[in-house]
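Below is one structure; the comments refer to it alone.
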Amino acid sequence: MSQQEDQNRMLRDAVTTFAARDTSIARVRELRDSAPGFDKAVWKTIAELGWTGIMIPEEYGGMGLGLSEMAAVLEEFAKTLSPEPLNPSAVLAARALLHGGNEALKKKLLPGIASGEILPALAWQESEGGIDPLALATRAEGGGLNGGKRFVFPADADGYLVSAQSGNGPVLYWVEKGTAGLTVEYESRADGTRCGRITLRNAKVSDSQLAASGKTAGAALQRAVDEATLMAGAELLGVMSRALEITLEYMRIRVQFGKPIGSFQALQHRAVDLFIQKELSFSVLRDALLHLAADPSGLSLWASRVKYRCSEAGMRIGRESIQIHGGIGFTDECDIGLYMKRAMVLSAWLGNGATHRHRYAALAPAEAAA
Amino acid sequence: MSQQEDQNRMLRDAVTTFAARDTSIARVRELRDSAPGFDKAVWKTIAELGWTGIMIPEEYGGMGLGLSEMAAVLEEFAKTLSPEPLNPSAVLAARALLHGGNEALKKKLLPGIASGEILPALAWQESEGGIDPLALATRAEGGGLNGGKRFVFPADADGYLVSAQSGNGPVLYWVEKGTAGLTVEYESRADGTRCGRITLRNAKVSDSQLAASGKTAGAALQRAVDEATLMAGAELLGVMSRALEITLEYMRIRVQFGKPIGSFQALQHRAVDLFIQKELSFSVLRDALLHLAADPSGLSLWASRVKYRCSEAGMRIGRESIQIHGGIGFTDECDIGLYMKRAMVLSAWLGNGATHRHRYAALAPAEAAA
Amino acid sequence: MQTRDWDKMADEAFRLEVRGFFQKQYPEHLRFPAYHLRWADTKDWYKKLVDKGWAAPGWPKEWGGMGLSPSKLLIFIEEQERHGVARTPDMGIILLGPLLIKFATEEQKKRFLPPTLRGEYIWCQGYSEPNAGSDLANLKTEAVLDGDEYVINGSKIWTSYAMDATHMFILVRTDKQAKKQEGISFLLVDMKTPGITIRPIRNLLGVEVFAQVFLDNVRTPAQWLVGKPNQGWTMAKALLGFERISIGSPKLAQTGLKRLEAIVQSQGLTRDPAFMDRYTQLRLDVADLASAYGRFADLLKRGETLGPDVSILKIVATETFQRLTELTLEAAGDAGALGGKVAFRKDSVDILSPFYNARPATIYGGSNEIQRNILAKNVLDLPG
Amino acid sequence: MQTRDWDKMADEAFRLEVRGFFQKQYPEHLRFPAYHLRWADTKDWYKKLVDKGWAAPGWPKEWGGMGLSPSKLLIFIEEQERHGVARTPDMGIILLGPLLIKFATEEQKKRFLPPTLRGEYIWCQGYSEPNAGSDLANLKTEAVLDGDEYVINGSKIWTSYAMDATHMFILVRTDKQAKKQEGISFLLVDMKTPGITIRPIRNLLGVEVFAQVFLDNVRTPAQWLVGKPNQGWTMAKALLGFERISIGSPKLAQTGLKRLEAIVQSQGLTRDPAFMDRYTQLRLDVADLASAYGRFADLLKRGETLGPDVSILKIVATETFQRLTELTLEAAGDAGALGGKVAFRKDSVDILSPFYNARPATIYGGSNEIQRNILAKNVLDLPG
């Protein structure tokens, strides 16, 4: 454990340096509602720091580390509210490719993903949403893809890993941007980023673009989605931790009725309840990472447990932080709103709390709960 | 409205006098876990005050009043925690008989019920419970009743109106105690009263005992159960009001850390939230009685709205009153526990909050809600 | 212009007449707006109200109002809410008018009421300050008499419609020695007076509804002080009659329920019993809020005064509305963080605007914490 | 009697050995009792523990304990809880023993530890008083030195096992001038001493588990004072190490979950998705509580000290347990207010006892309000 802890501490320290030097809330505000919604120079810095390759094996130019290290980085990174799509590209997309079976394609793409030259996105959800990666309406037939994908983030990627149903079961194709038949529309998200609504009209694909098919494709998709889901929990933990810190600080200094509002017992107890939710989020994520390091088999179950708690806690801390701030919390100029909005986005992304509660119930027989 | 209000005020005053003269918490404690669980002399007093006949028409020896007057009496009566079965006999059983179609039987029984000489009980629930009076497993065939009834209150009645399924649909028979084939076992309830578990083994019945059959029986059962359900809401309102009063008084006098605990903001806000629940209970019951006086057709829907709110509020106020009392609230010698236990009984009786929430959803299409 | 003796009319007939007018005259595209409209959006509609003689339903007839009884006024408001009629910048009509009518001199009334009624004067309210939000008595903006003018210095915040307003009514400290709630006066100010700066404030929706108003040596005539000096706070508080019930109206929640219903249908959530059960809980909460509202409204209709227990309405209304918008986000699932009108299978719904608007609902108009403090002390009689 | 060097044993081997002993030796009918057992119920079992040398797992070997490390002790407790092994009247073993070992004189240790270990001395704890519940520092029971004896006057309440106890350890005020938390001493008292009256208190379950103990000129030897005079409170507080984590154990909630599971199956509630969803929520709450517990347990196992943030466990454990018992009542439906073992289709379950027992869980051991006050000040650093 100790070596692991040292590793994680170094990674966290690197993010702290990054936070002080390469990003700021002003930058985050600046990028809202812009295209592509993040800064390519900062993305380059992130890649140079190695974070895009944390979960890519060394043989493909990555660091070959695991979920625990990625979680440490993402938790700290999320505190900065940086809009750069680290989890979506370095986990969700990269891991889907890695878990697939096309060695040539991996060799072609993964080093570029690790180095930040290629920005991939996984286009797996159909327009109705939902978190079952095998509920596929998009079709792969006759060398072309037809259908629609939604909630694709980053919307402006260099290429999209598109899942589809073929005659031989699920398939996953790498489709570069600009491919004929592929169009991207945009939907804006609460935090000022945008996700893509992709339409595929007979977009041509060849076997060299086939990242995975059949059972391998199904397993690769499920595992990558679960890993990113777990990591979204880490991001939510970062966001809620920082939101709570800001709120507590506000409670210490804001004076009403001649006293700091943090001295009023009703508000104190409210803050404690938020703290408890944050601690539960931390605890379940920690437990998940410990267990999965020893036995990766329970990934889906742990991902749902983590995403459920972190989504609910993140939303609650976000909302109540606004309330505790009073009128100022309702203004755009107060930073706390940015944290709530990011919590909203992360909470809805990859299945919200209710969705993962349902999945947990389906995955875990009641007897196993205790 | 004004005449109605005067009437209700007089009825309430009568209960206040009764509360001061004829009952006490000491008496309530005394009767716990005894048989039959209430005092026949007090029952006689109640009948003399006319309360057993409030909802029985004057032609049958009653007062011929309505739900509003009965609710006024039951709310006040419930504050005394008296275990006498007023709602079960004067509403649930008496009204089932009244809504039935056997004029001779009504003439024979209702005057005695109004005068307190006959104590009836409605045996309508099967052993599994549930609030659909037409989900009948008990059978009426060949002049005999076979089956089991549960949650019958009062358990020790002079006779039972037993619902059953016959070849011609539902039927309702008057079965006197002591009838061969009828046995009563007892289950104790949280508040120290007991309800009956009735077994019928070819208990003989004749046409003269047939209170209702077919559609009339179904409608009579449903209406009587709904009326008693609404009235249980009034009882819960009485119990929660008194529990809250006692708790507020305790908060004013109990000193901790050198101050009355009622001065601590967190406890104050908790008490306010309980008060709000009590006020909502009062409001929905008031609204129900106003609407039903003008248009009786929505009885089932209103009964479910009232029982849902009052059950949930009653349970919550009961539980939290215990918490606010601290250690002393966990002792049997502290009265507050008696209120919680009565709230538990009334809440579970005739369908708990969740059950009535489900029924409300089934009865009210969503559009009509707003 | 219609001037009729509305009180002679039966309630139901009056209700139908009001409803008919809204149905015919109110612009369809402005019904149930997802956020506060500005004067530019609503002034044509306001003109119609003026022409009809319905611009000030609560004012007495001698000042051009409809002279409605509390009972009729409540019906008028209920119909407005039912039809989804937006509020105009109506601070002058709803808050200032009744205060002037009760406390102002005859001259002040003549000077200010008619142009207010005609929509020539648009008023904003200067009560809250950066350090006096929940705690109004702490206000610091001061006015010093200099000859026949008051000189005002300070700043006001959360001033809705400040950008649209021609005038402002403002609470200022005129006696620094007095105890906190005292020493406060009620002044009128022309927004064109030199020294006034308006800084619009963007809210969570990204729109500018309210502003901070800075007052730097702003001079206003001494005869624009309303009522007695140093009695401004008492006066302003006394006028909160209708405000106290309308802030607890179930309409906001009922509208939210309709929005949620649309998503429920579009998302096929009727097949998700777990979700539907929580939806039913909220429906019951809204229904019971309406029952509680009806009970207080009946008191008003009977001409009785509302006690401090009316505060429960504000708490229940705003907190139920918040939970509703939260369940709406959840119902929207993956689309629960998308901005603007979001297309679902059957409808397009703006999910986020109501969610954001529900946040300050528990803060403004006396925060729910303050309401609970008041209830604990004044209704539950708990020690201070 | 086994005296082995447990610390040399691997954790898993130790766990299996403990588990095996409980499985073989612990009486089946006493597993997972719905309420606190009395000494008469558990003394045979305690005898077995004594014979095995396992009566005092946390005591050092020199005093007859197992001398377990924190890590092993935690495993021992976990296995106890997993098998549903009831607590005996174990105040002497768990609370008093470690305190004597740390603070008592050699003579005192020799006098009191061996008979306590053998189960000849049964101890009860005299901390709470009628007016010093949450606020222990307010205690009024006083002891005055008279020759070589202390004379004690006052009363103690919520004294569990008082009726079974042979001795009591008690906090008494010995210096009335001192500040509240100071001036309190720690005394031992023989329950047979004249002047002691025990009034058993019936609880909501209708059983007598605790009592009020009146002390009227009760004399106890001056050499039965443990530690320094006036330092009793500090001393007692310092010994709360394991108490602070075990009060937040998820076991109670996990047992409640099993009870609820039985009702769910019997009532056919798996076909009620709305109910099942709330059940799932509780399962997740319990699972996450277990994760949080594991995190603090790991700290203890590594020999680290627990910070004040461990209080969150107590809050979550007790409030989750309460909600569980509430959902259990609801699940039982019409039978939700029936006392004793209630027959469902498949199982018989006591619904009310756990519901009642869950009530004081948030009150005793420092009420959850107090825990929140402490967290606000000492962990969240909020102003006083």
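Each chain in the structure tokens gets a letter, A, B, ..., in the order shown, and its residues are numbered from 1; ligands are numbered from 1 in order too.
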(request) Using only C-alpha atoms, find the residues of chain A whose closest atom to chain C is at most 10 Å away, then write them as a PyMOL selection string. (result) chain A and resi 125+127-131+150-151+187-195+254-258+266-267+315-316+319-320+322-334+337-338+341-355+358
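The residues of chain D lying at most 9 Å from chain C, with only C-alpha atoms taken into account, are Asp272, Pro273, Ala274, Phe275, Met276, Asp277 and Arg278 of chain D.
Straight-line separation from CA of Leu257 in chain C to CA of Ser283 in chain B: 20.5 Å.
Near chain B, counting only C-alpha atoms at 8 Å, the chain A residues are Phe264, Gln265, Ala266 and His269 of chain A.
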Dump N, CA and C atoms for the selected residues as an mmCIF file, in the first residue's frame?
data_model
loop_
_atom_site.group_PDB
_atom_site.id
_atom_site.type_symbol
_atom_site.label_atom_id
_atom_site.label_comp_id
_atom_site.auth_asym_id
_atom_site.auth_seq_id
_atom_site.Cartn_x
_atom_site.Cartn_y
_atom_site.Cartn_z
ATOM 1 N N PHE A 264 -24.384 29.628 13.437
ATOM 2 C CA PHE A 264 -25.776 29.243 13.671
ATOM 3 C C PHE A 264 -25.902 27.727 13.613
ATOM 4 N N GLN A 265 -26.506 27.170 14.659
ATOM 5 C CA GLN A 265 -26.520 25.719 14.811
ATOM 6 C C GLN A 265 -27.219 25.000 13.651
ATOM 7 N N ALA A 266 -28.321 25.582 13.167
ATOM 8 C CA ALA A 266 -29.045 24.905 12.088
ATOM 9 C C ALA A 266 -28.166 24.784 10.841
ATOM 10 N N HIS A 269 -25.340 22.148 11.437
ATOM 11 C CA HIS A 269 -25.769 20.761 11.268
ATOM 12 C C HIS A 269 -25.968 20.416 9.797
#
(request) Extract the full set of alpha helix (DSSP H) residues from range 14-171 of chain D according to DSSP on the backbone, and format it as a PyMOL selection string. (result) chain D and resi 14-25+39-52+70-83+91+97-103+106-117
